[in-house]
Amino acid sequence: MVDRPVELQSLPGYYGWYAALWCLVPGVVVALVWLGSAPWLLDGATLNGPGIDLASRSEAEVSLFMNNVKNLASGNIASLPDDPTLKLAAERYGELRGRGAAIASALAALFACAGFSYAFRRIRPDLAARDRIERVLRLTLMACSTLAVLITLGIVFSLLAETLRFFEKVSPIEFLFGTHWSPQTALRADQVGSSGSFGAVPIFTGTLLITSIAMLVAVPVGLMSAVYMGFYAGRRARAFAKPLLEVLAGVPTVVYGFFAALAVGPVMRDVGASLGLSVASESALAAGLIMGVMIIPFVSSLSDDAIAAVPEAMRNGSLGLGATESETIRNVILPAALPGIVSAFLLAASRAIGETMIVVMAAGMAANLTANPLEAVTTVTVQIVTLLTGDQEFDSAKTLSAFALGLVLFVVTLCLNLIALAVVRRFREEYE
Amino acid sequence: MQARLASRHAAERRFRLYGLFAIGVAVATLGGLLFSIVGKGYTAFVQTEILLDVYFDAAAVGDLEGLGDDERTAALRRVDYAGLLRDSLRAQFPEVEGRSAVRALTALVSAGARTTLREELVTDPDLLARRVPLWLTADDEVDMLMKGQVARDLPESERRLSDAQLAWVDALAAEGRIRTVFNRTFLTAGDSREPELAGIWGALVGTVLTLAVTLAVSFPMGVLAAVYLEEFAPRNRWTDLIEVNINNLAAVPSIVFGLLGLAVFLNVLNLPRSAPLVGGLTLALMTLPTIIIAARSAILSVPPSIREAARGVGASPLQVVAHHVLPLALPGILTGAIIGMARALGETAPLLMIGMVAFIVDVPASLTDAATALPVQVFLWADSPERGFVEKVSGAILVLLTFLLLMNAGAIVMRQKFEKRW
């Protein structure tokens with residue numbers, strides 16, 4: 001005896017996925033909660049355990065102690081201090097970790113089984129399984145896109161938190177307006193040269209100097225390249241020049257920095273010596289020139305987009321009135337494309353300000369308040385790298401100042417980008 | 001009017017020349033860069049070796065009778081190979097007397113030659129008490145001399161090789177005991193303080209591991225985010241904010257991402273420093289906006305008729321995307337992903353921030369071992385004072401540029417072959 005065939009609301013696979021998701025997701029959530037909270041829970045429980053008294057130790061000593069405990073508990077017994085408290089703590093840590101992992105696994109399995117049985121019981125032919133699953137998938141999609149906002153928030157909060165800690169030690173006025181940058185903090189109370197001054201103005205002027213040299217190179221070259229390729233170059237020339245500019249854009253900045261440090265810097269110095277000028281081998285000129293070459297493709301392609309957006313009709317009209325090509329470009333096309341071109345310059349400047357490797361390898365490290373391009377200056381990014389790849393502990397004002405500089409860098413580039421966007425949005429003519 | 005016409009035409013010619021000149025400047029600088037790097041770097045792929053008759057003195061090894069296999073190997077490893085080298089060199093140049101002169105003589109051969117001798121003896125213990133001719137790696141100064149980088153006409157105090165050392169090298173060359181071979185060490189060894197023993201293999205493995213993590217994290221999330229923003233997101237202020245956010249993130253300097261990685265992954269989450277896992281996650285944060293933007297434009301280019309037809313035969317919105325839109329947009333998405341990966345390959349600043357700046361000799365074996373990446377290796381070697389490292393840096397840059405060229409060429413080929421024009 002056969003009833004009429006049962007009609008499933010969704011394809012059979014969806015019901016399987018329904019049950020699978022109800023089983024997996026609770027288990028995975030429990031596992032993630034354990035993995036995320038384990039460090040704090042274990043540290044706290046071990047330190048507050050019976051027979052372990054660390055009240056007399058400083059915060060750094062306590063964290064070193066916990067490091068040793070974890071090493072001992074996982075079997076790396078290289079050369080640890082002979083401390084009975086250490087062995088006791090390590091045993092307790094290992095025991096707690098084992099117990100915690102067992103409890104977490106049991107809980108995860110329990111939740112998984114509970115989820116599975118719940119789903120299994122709900123499976124019926126008229127269950128809209130596909131809709132349920134697609135709702136979950138849509139939530140996942142939304143979560144992925146919110147990640148972008150989370151990244152920005154993460155950047156802002158992490159930089160802000162460390163910067164505020166820095167401003168507890170050094171006043172913001174001194175940082176933003178002081179003219180002496182000598183970031184040293186004492187490791188001992190009576191250390192010589194321990195007076196640090198954190199006036200960042202020389203760094204800002206150094207960044208401006210190198211960026212302006214770079215823009216002086218990139219703006220004319222980039223704009224004229226875009227104009228030539230847009231209006232004068234034949235098909236073959238364009239097919240040759242465009243990929244070359246893309247190659248310029250694709251070369252890693254370490255390579256540019258190496259070239260600047262090895263070839264351009266000494267050449268500048270020798271040329272200057274033969275002219276009677278004293279040029280530092282790490283001059284702002286060398287770094288600025290190579291940085292300018294690096295952002296040429298940037299300026300060129302953005303200007304090209306802006307120029308291409310001007311309709312043919314305007315060009316043809318101007319030519320029809322008897323203007324030469326260059327007069328058309330100078331009097332009609334460029335003014336029409338001006339918002340886009342200005343925006344391109346701002347974006348290129350933002351890129352130049354944020355550039356790191358070229359200046360780390362080719363520019364100097366001593367903060368020098370000068371407008372002379374033949375001297376060595378330092379930039380914000382160089383200071384961030386030097387301060388954070390040194391060997392100061394993480395709380396000192398020296399390493400925290402790197403985060404303050406990073407925040408300034410982020411804010412400045414963000415403002416430049418937003419202004420570039422606003423310029424295009426407000427001033428661009430709609431021709432269609 | 002005619003005069004004005006002539007001057008206008010002259011201005012036109014000048015303007016055209018400026019444009020040509022501008023392109024010429026860009027091309028010339030690129031050419032100069034490549035010429036300089038290739039010129040300095042092609043010698044990194046060859047290595048100088050010295051042929052030495054090495055006498056594996058049985059007296060130096062001690063009594064091997066009655067020892068088990070493991071103990072024999074251990075005893076063979078403990079031999080004073082530096083002494084064996086010294087004696088062999090003295091046998092080659094018997095007229096050399098005095099400790100400083102002998103030391104200068106031994107400095108002609110690389111420190112890594114001791115390891116070569118050890119490996120030879122351990123693999124073939126029958127070499128004991130025999131005089132064997134072996135090709136040994138030369139010291140980096142001799143290497144530079146054979147590659148023509150040492151000026152012989154400088155006074156001795158300004159040279160790294162003394163007159164006596166030059167004479168010995170010339171004597172060896174006259175006997176045909178010096179040759180230049182393909183430098184396998186450069187491509188198979190890890191980092192080292194000695195230029196003649198330094199290689200990029202550790203950095204290559206580190207880069208591959210880091211990029212694998214970057215791809216695995218940023219590609220799925222980027223594509224899914226782009227799908228949501230294009231297909232499902234309602235047009236309200238929240239999604240506008242997300243869009244502005246993504247465009248801004250694409251223009252944030254890479255060092256800021258390094259600071260973010262330092263603050264979040266190392267300080268808050270306590271992940272191991274300098275590991276490919278952390279490097280990959282930081283680079284993923286940096287590549288994510290690029291992939292989202294590329295994926296969005298690829299998805300946007302699929303015509304609405306495809307979507308409507310799919311809905312027409314009964315597909316749900318998610319099925320339309322998964323079965324119809326994504327496969328058609330895939331070439332564009334992959335092209336954008338490859339370009340994003342190529343950019344991540346050349347990034348150094350974020351990796352410096354998360355600690356990949358240490359001197360790592362071992363090849364990383366897992367995602368949590370300390371590692372370095374190829375651009376960081378270039379940066380570290382560029383700081384070293386030895387002349388031998390200049391060619392190693394250039395050689396490493398050539399390898400890096402080759403990889404980038406392959407990736408970009410692959411992206412272009414994929415774009416030409418698979419992209420549909422609707």
# chains A, B, ... in the order shown; residues from 1 in each chain; ligands from 1

call {"tool": "interface_residues", "arguments": {"of": "chain A", "to": "chain B", "cutoff": "6 Å", "atoms": "only C-alpha atoms", "output": "list in words"}}
result
Leu141, Cys144, Ser145, Ile155, Val221, Met224, Ser225, Tyr228, Pro252, Ser326 and Gly354 of chain A

call {"tool": "write_last_selection", "arguments": {"atoms": "N, CA and C atoms", "output": "CSV table (one decimal), in the first residue's frame"}}
result
chain,number,residue,atom,x,y,z
A,141,LEU,N,27.2,36.4,5.4
A,141,LEU,CA,27.7,37.3,4.4
A,141,LEU,C,27.7,38.7,5.0
A,144,CYS,N,30.7,39.1,7.2
A,144,CYS,CA,32.0,39.3,6.5
A,144,CYS,C,32.1,40.8,6.1
A,145,SER,N,31.0,41.4,5.7
A,145,SER,CA,31.2,42.8,5.2
A,145,SER,C,31.3,43.8,6.4
A,155,ILE,N,41.8,49.7,14.0
A,155,ILE,CA,42.9,50.6,13.8
A,155,ILE,C,42.8,51.8,14.7
A,221,VAL,N,55.7,64.8,-14.4
A,221,VAL,CA,56.0,63.6,-15.3
A,221,VAL,C,54.7,62.8,-15.4
A,224,MET,N,52.1,64.8,-17.6
A,224,MET,CA,52.4,64.8,-19.0
A,224,MET,C,52.4,63.5,-19.7
A,225,SER,N,52.8,62.4,-19.0
A,225,SER,CA,52.7,61.1,-19.5
A,225,SER,C,51.3,60.7,-19.9
A,228,TYR,N,50.3,62.7,-22.9
A,228,TYR,CA,50.9,62.2,-24.2
A,228,TYR,C,50.2,60.9,-24.6
A,252,PRO,N,58.4,46.3,-6.0
A,252,PRO,CA,58.2,46.5,-4.5
A,252,PRO,C,59.1,47.7,-4.0
A,326,SER,N,47.7,71.1,-28.3
A,326,SER,CA,48.2,71.5,-27.0
A,326,SER,C,47.3,72.6,-26.5
A,354,GLY,N,52.7,58.1,3.4
A,354,GLY,CA,52.6,56.8,4.1
A,354,GLY,C,53.7,55.8,3.6

call {"tool": "residues_around", "arguments": {"residues": "region 298-301 of chain B", "least_positions_apart": "3", "cutoff": "9 Å", "atoms": "only C-alpha atoms", "output": "count of residues only"}}
result
19

call {"tool": "residues_around", "arguments": {"residues": "Arg330 (chain A)", "least_positions_apart": "6", "cutoff": "12 Å", "atoms": "only C-alpha atoms", "output": "ChimeraX atom specification"}}
result
/A:223-224,227,307,315,318,323-324,336-338 /B:11-12,15

call {"tool": "residues_around", "arguments": {"residues": "region 184-195 of chain B", "least_positions_apart": "6", "cutoff": "9 Å", "atoms": "only C-alpha atoms", "output": "ChimeraX atom specification"}}
result
/B:44-47,110-112,139-140,201-203,359-363,377,384,386-389,392,395-396

call {"tool": "residues_around", "arguments": {"residues": "region 253-267 of chain A", "least_positions_apart": "2", "cutoff": "6 Å", "atoms": "only C-alpha atoms", "output": "ChimeraX atom specification"}}
result
/A:269-270,281,286,357-358,361-362

call {"tool": "atom_distance", "arguments": {"atom1": "CA of Asn68 (chain A)", "atom2": "CA of Leu387 (chain A)"}}
result
27.3 Å

call {"tool": "residues_around", "arguments": {"residues": "region 8-19 of chain A", "least_positions_apart": "5", "cutoff": "9 Å", "atoms": "only C-alpha atoms", "output": "list in words"}}
result
Leu24, Gly115, Phe116, Ser117, Tyr118, Ala119, Phe120, Ile123, Arg124, Pro125, Asp126, Leu127, Ala128, Ala129, Arg130, Asp131, Arg132 and Ile133 of chain A

call {"tool": "residues_around", "arguments": {"residues": "Ser171 (chain A)", "least_positions_apart": "3", "cutoff": "12 Å", "atoms": "only C-alpha atoms", "output": "PyMOL selection string"}}
result
chain A and resi 163-168+174-178+197-200+397+401+404

call {"tool": "write_last_selection", "arguments": {"atoms": "C-alpha atoms", "output": "PDB file, in the first residue's frame"}}
result
ATOM      1  CA  THR A 163      48.432  57.190  22.105  1.00  0.00           C
ATOM      2  CA  LEU A 164      46.436  58.109  25.192  1.00  0.00           C
ATOM      3  CA  ARG A 165      48.881  56.136  27.304  1.00  0.00           C
ATOM      4  CA  PHE A 166      51.671  58.053  25.613  1.00  0.00           C
ATOM      5  CA  PHE A 167      49.992  61.368  26.348  1.00  0.00           C
ATOM      6  CA  GLU A 168      49.944  60.444  30.020  1.00  0.00           C
ATOM      7  CA  GLU A 174      55.033  69.133  23.520  1.00  0.00           C
ATOM      8  CA  PHE A 175      54.505  66.308  21.057  1.00  0.00           C
ATOM      9  CA  LEU A 176      52.708  68.273  18.384  1.00  0.00           C
ATOM     10  CA  PHE A 177      54.567  71.550  18.658  1.00  0.00           C
ATOM     11  CA  GLY A 178      57.934  70.757  20.194  1.00  0.00           C
ATOM     12  CA  SER A 197      62.276  65.024  24.313  1.00  0.00           C
ATOM     13  CA  PHE A 198      59.391  64.152  22.094  1.00  0.00           C
ATOM     14  CA  GLY A 199      58.805  67.215  19.960  1.00  0.00           C
ATOM     15  CA  ALA A 200      57.666  65.845  16.614  1.00  0.00           C
ATOM     16  CA  ALA A 397      57.298  56.455  26.265  1.00  0.00           C
ATOM     17  CA  SER A 401      55.411  57.519  20.777  1.00  0.00           C
ATOM     18  CA  ALA A 404      51.173  58.397  18.527  1.00  0.00           C
TER      19      ALA A 404
END

call {"tool": "closest_residue", "arguments": {"among": "B:Asn183, B:Thr48, B:Thr402, B:Thr116", "to": "Gly250 (chain A)", "atoms": "only C-alpha atoms"}}
result
B:Thr402

call {"tool": "decode", "arguments": {"residues": "region 343-391 of chain B", "atoms": "N, CA and C atoms", "output": "PDB file, in the first residue's frame"}}
result
ATOM      1  N   ARG B 343      50.712  42.364  -4.681  1.00  0.00           N
ATOM      2  CA  ARG B 343      51.025  43.517  -3.849  1.00  0.00           C
ATOM      3  C   ARG B 343      51.470  43.083  -2.459  1.00  0.00           C
ATOM      4  N   ALA B 344      50.792  42.060  -1.918  1.00  0.00           N
ATOM      5  CA  ALA B 344      51.149  41.581  -0.585  1.00  0.00           C
ATOM      6  C   ALA B 344      52.528  40.942  -0.591  1.00  0.00           C
ATOM      7  N   LEU B 345      52.908  40.344  -1.742  1.00  0.00           N
ATOM      8  CA  LEU B 345      54.211  39.696  -1.831  1.00  0.00           C
ATOM      9  C   LEU B 345      55.327  40.708  -1.627  1.00  0.00           C
ATOM     10  N   GLY B 346      55.142  41.917  -2.141  1.00  0.00           N
ATOM     11  CA  GLY B 346      56.219  42.891  -2.064  1.00  0.00           C
ATOM     12  C   GLY B 346      56.200  43.747  -0.811  1.00  0.00           C
ATOM     13  N   GLU B 347      55.231  43.522   0.098  1.00  0.00           N
ATOM     14  CA  GLU B 347      55.104  44.382   1.263  1.00  0.00           C
ATOM     15  C   GLU B 347      56.096  44.025   2.349  1.00  0.00           C
ATOM     16  N   THR B 348      56.736  45.023   2.883  1.00  0.00           N
ATOM     17  CA  THR B 348      57.718  44.773   3.935  1.00  0.00           C
ATOM     18  C   THR B 348      57.319  45.400   5.259  1.00  0.00           C
ATOM     19  N   ALA B 349      56.792  46.641   5.197  1.00  0.00           N
ATOM     20  CA  ALA B 349      56.589  47.407   6.429  1.00  0.00           C
ATOM     21  C   ALA B 349      55.697  46.698   7.456  1.00  0.00           C
ATOM     22  N   PRO B 350      54.542  46.107   7.060  1.00  0.00           N
ATOM     23  CA  PRO B 350      53.738  45.454   8.097  1.00  0.00           C
ATOM     24  C   PRO B 350      54.474  44.287   8.746  1.00  0.00           C
ATOM     25  N   LEU B 351      55.275  43.556   7.936  1.00  0.00           N
ATOM     26  CA  LEU B 351      55.982  42.407   8.486  1.00  0.00           C
ATOM     27  C   LEU B 351      57.076  42.849   9.450  1.00  0.00           C
ATOM     28  N   LEU B 352      57.680  44.023   9.201  1.00  0.00           N
ATOM     29  CA  LEU B 352      58.669  44.524  10.143  1.00  0.00           C
ATOM     30  C   LEU B 352      58.023  44.805  11.488  1.00  0.00           C
ATOM     31  N   MET B 353      56.804  45.355  11.435  1.00  0.00           N
ATOM     32  CA  MET B 353      56.135  45.717  12.674  1.00  0.00           C
ATOM     33  C   MET B 353      55.807  44.505  13.524  1.00  0.00           C
ATOM     34  N   ILE B 354      55.455  43.356  12.883  1.00  0.00           N
ATOM     35  CA  ILE B 354      55.079  42.213  13.702  1.00  0.00           C
ATOM     36  C   ILE B 354      56.264  41.341  14.015  1.00  0.00           C
ATOM     37  N   GLY B 355      57.453  41.819  13.786  1.00  0.00           N
ATOM     38  CA  GLY B 355      58.606  41.144  14.342  1.00  0.00           C
ATOM     39  C   GLY B 355      59.383  40.257  13.401  1.00  0.00           C
ATOM     40  N   MET B 356      59.070  40.261  12.084  1.00  0.00           N
ATOM     41  CA  MET B 356      59.801  39.356  11.199  1.00  0.00           C
ATOM     42  C   MET B 356      61.179  39.899  10.867  1.00  0.00           C
ATOM     43  N   VAL B 357      61.757  40.661  11.750  1.00  0.00           N
ATOM     44  CA  VAL B 357      62.990  41.358  11.444  1.00  0.00           C
ATOM     45  C   VAL B 357      64.178  40.664  12.105  1.00  0.00           C
ATOM     46  N   ALA B 358      63.932  39.471  12.674  1.00  0.00           N
ATOM     47  CA  ALA B 358      64.997  38.777  13.387  1.00  0.00           C
ATOM     48  C   ALA B 358      65.863  37.984  12.415  1.00  0.00           C
ATOM     49  N   PHE B 359      66.979  37.514  12.914  1.00  0.00           N
ATOM     50  CA  PHE B 359      67.927  36.735  12.123  1.00  0.00           C
ATOM     51  C   PHE B 359      67.536  35.264  12.261  1.00  0.00           C
ATOM     52  N   ILE B 360      66.863  34.736  11.245  1.00  0.00           N
ATOM     53  CA  ILE B 360      66.349  33.373  11.323  1.00  0.00           C
ATOM     54  C   ILE B 360      67.171  32.495  10.399  1.00  0.00           C
ATOM     55  N   VAL B 361      67.830  31.471  10.938  1.00  0.00           N
ATOM     56  CA  VAL B 361      68.619  30.590  10.068  1.00  0.00           C
ATOM     57  C   VAL B 361      67.835  29.371   9.638  1.00  0.00           C
ATOM     58  N   ASP B 362      66.913  28.902  10.519  1.00  0.00           N
ATOM     59  CA  ASP B 362      66.212  27.666  10.189  1.00  0.00           C
ATOM     60  C   ASP B 362      65.088  27.937   9.216  1.00  0.00           C
ATOM     61  N   VAL B 363      64.814  26.929   8.394  1.00  0.00           N
ATOM     62  CA  VAL B 363      63.687  27.034   7.494  1.00  0.00           C
ATOM     63  C   VAL B 363      62.419  26.774   8.309  1.00  0.00           C
ATOM     64  N   PRO B 364      61.421  27.667   8.250  1.00  0.00           N
ATOM     65  CA  PRO B 364      60.227  27.446   9.077  1.00  0.00           C
ATOM     66  C   PRO B 364      59.482  26.207   8.658  1.00  0.00           C
ATOM     67  N   ALA B 365      59.028  25.431   9.645  1.00  0.00           N
ATOM     68  CA  ALA B 365      58.369  24.163   9.330  1.00  0.00           C
ATOM     69  C   ALA B 365      56.871  24.228   9.537  1.00  0.00           C
ATOM     70  N   SER B 366      56.382  25.255  10.224  1.00  0.00           N
ATOM     71  CA  SER B 366      54.943  25.319  10.458  1.00  0.00           C
ATOM     72  C   SER B 366      54.540  26.775  10.492  1.00  0.00           C
ATOM     73  N   LEU B 367      53.244  26.997  10.662  1.00  0.00           N
ATOM     74  CA  LEU B 367      52.752  28.370  10.627  1.00  0.00           C
ATOM     75  C   LEU B 367      53.132  29.149  11.868  1.00  0.00           C
ATOM     76  N   THR B 368      53.568  28.471  12.932  1.00  0.00           N
ATOM     77  CA  THR B 368      53.873  29.206  14.153  1.00  0.00           C
ATOM     78  C   THR B 368      55.364  29.265  14.444  1.00  0.00           C
ATOM     79  N   ASP B 369      56.197  28.739  13.539  1.00  0.00           N
ATOM     80  CA  ASP B 369      57.640  28.897  13.715  1.00  0.00           C
ATOM     81  C   ASP B 369      58.040  30.307  13.337  1.00  0.00           C
ATOM     82  N   ALA B 370      59.132  30.786  13.931  1.00  0.00           N
ATOM     83  CA  ALA B 370      59.640  32.097  13.536  1.00  0.00           C
ATOM     84  C   ALA B 370      60.119  32.026  12.100  1.00  0.00           C
ATOM     85  N   ALA B 371      59.774  33.015  11.326  1.00  0.00           N
ATOM     86  CA  ALA B 371      60.118  32.989   9.907  1.00  0.00           C
ATOM     87  C   ALA B 371      60.459  34.385   9.444  1.00  0.00           C
ATOM     88  N   THR B 372      60.919  34.454   8.224  1.00  0.00           N
ATOM     89  CA  THR B 372      61.114  35.746   7.592  1.00  0.00           C
ATOM     90  C   THR B 372      60.551  35.658   6.186  1.00  0.00           C
ATOM     91  N   ALA B 373      60.384  36.782   5.541  1.00  0.00           N
ATOM     92  CA  ALA B 373      59.831  36.780   4.193  1.00  0.00           C
ATOM     93  C   ALA B 373      60.850  37.379   3.241  1.00  0.00           C
ATOM     94  N   LEU B 374      60.669  37.123   1.945  1.00  0.00           N
ATOM     95  CA  LEU B 374      61.702  37.520   0.982  1.00  0.00           C
ATOM     96  C   LEU B 374      61.966  39.029   0.971  1.00  0.00           C
ATOM     97  N   PRO B 375      60.925  39.895   0.929  1.00  0.00           N
ATOM     98  CA  PRO B 375      61.243  41.325   0.944  1.00  0.00           C
ATOM     99  C   PRO B 375      61.922  41.765   2.240  1.00  0.00           C
ATOM    100  N   VAL B 376      61.564  41.126   3.369  1.00  0.00           N
ATOM    101  CA  VAL B 376      62.210  41.466   4.631  1.00  0.00           C
ATOM    102  C   VAL B 376      63.664  41.019   4.595  1.00  0.00           C
ATOM    103  N   GLN B 377      63.919  39.856   3.970  1.00  0.00           N
ATOM    104  CA  GLN B 377      65.287  39.360   3.846  1.00  0.00           C
ATOM    105  C   GLN B 377      66.123  40.346   3.039  1.00  0.00           C
ATOM    106  N   VAL B 378      65.538  40.872   1.959  1.00  0.00           N
ATOM    107  CA  VAL B 378      66.223  41.885   1.154  1.00  0.00           C
ATOM    108  C   VAL B 378      66.573  43.078   2.026  1.00  0.00           C
ATOM    109  N   PHE B 379      65.609  43.525   2.832  1.00  0.00           N
ATOM    110  CA  PHE B 379      65.833  44.681   3.693  1.00  0.00           C
ATOM    111  C   PHE B 379      66.947  44.409   4.688  1.00  0.00           C
ATOM    112  N   LEU B 380      66.959  43.209   5.308  1.00  0.00           N
ATOM    113  CA  LEU B 380      67.965  42.905   6.312  1.00  0.00           C
ATOM    114  C   LEU B 380      69.353  42.815   5.698  1.00  0.00           C
ATOM    115  N   TRP B 381      69.434  42.151   4.526  1.00  0.00           N
ATOM    116  CA  TRP B 381      70.747  42.035   3.900  1.00  0.00           C
ATOM    117  C   TRP B 381      71.271  43.372   3.423  1.00  0.00           C
ATOM    118  N   ALA B 382      70.367  44.268   3.013  1.00  0.00           N
ATOM    119  CA  ALA B 382      70.806  45.578   2.510  1.00  0.00           C
ATOM    120  C   ALA B 382      71.520  46.359   3.603  1.00  0.00           C
ATOM    121  N   ASP B 383      71.253  45.994   4.864  1.00  0.00           N
ATOM    122  CA  ASP B 383      71.892  46.686   5.973  1.00  0.00           C
ATOM    123  C   ASP B 383      73.277  46.163   6.275  1.00  0.00           C
ATOM    124  N   SER B 384      73.629  44.978   5.747  1.00  0.00           N
ATOM    125  CA  SER B 384      74.892  44.358   6.143  1.00  0.00           C
ATOM    126  C   SER B 384      76.055  45.023   5.444  1.00  0.00           C
ATOM    127  N   PRO B 385      77.172  45.165   6.144  1.00  0.00           N
ATOM    128  CA  PRO B 385      78.297  45.894   5.556  1.00  0.00           C
ATOM    129  C   PRO B 385      79.123  45.096   4.555  1.00  0.00           C
ATOM    130  N   GLU B 386      79.077  43.737   4.610  1.00  0.00           N
ATOM    131  CA  GLU B 386      79.983  42.989   3.730  1.00  0.00           C
ATOM    132  C   GLU B 386      79.646  43.234   2.266  1.00  0.00           C
ATOM    133  N   ARG B 387      80.696  43.351   1.465  1.00  0.00           N
ATOM    134  CA  ARG B 387      80.485  43.596   0.041  1.00  0.00           C
ATOM    135  C   ARG B 387      79.749  42.434  -0.603  1.00  0.00           C
ATOM    136  N   GLY B 388      79.993  41.247  -0.086  1.00  0.00           N
ATOM    137  CA  GLY B 388      79.351  40.071  -0.662  1.00  0.00           C
ATOM    138  C   GLY B 388      77.847  40.122  -0.592  1.00  0.00           C
ATOM    139  N   PHE B 389      77.310  40.872   0.390  1.00  0.00           N
ATOM    140  CA  PHE B 389      75.864  40.915   0.526  1.00  0.00           C
ATOM    141  C   PHE B 389      75.205  41.792  -0.517  1.00  0.00           C
ATOM    142  N   VAL B 390      75.963  42.706  -1.132  1.00  0.00           N
ATOM    143  CA  VAL B 390      75.352  43.557  -2.168  1.00  0.00           C
ATOM    144  C   VAL B 390      74.843  42.692  -3.303  1.00  0.00           C
ATOM    145  N   GLU B 391      75.678  41.709  -3.733  1.00  0.00           N
ATOM    146  CA  GLU B 391      75.220  40.877  -4.852  1.00  0.00           C
ATOM    147  C   GLU B 391      74.115  39.934  -4.387  1.00  0.00           C
TER     148      GLU B 391
END
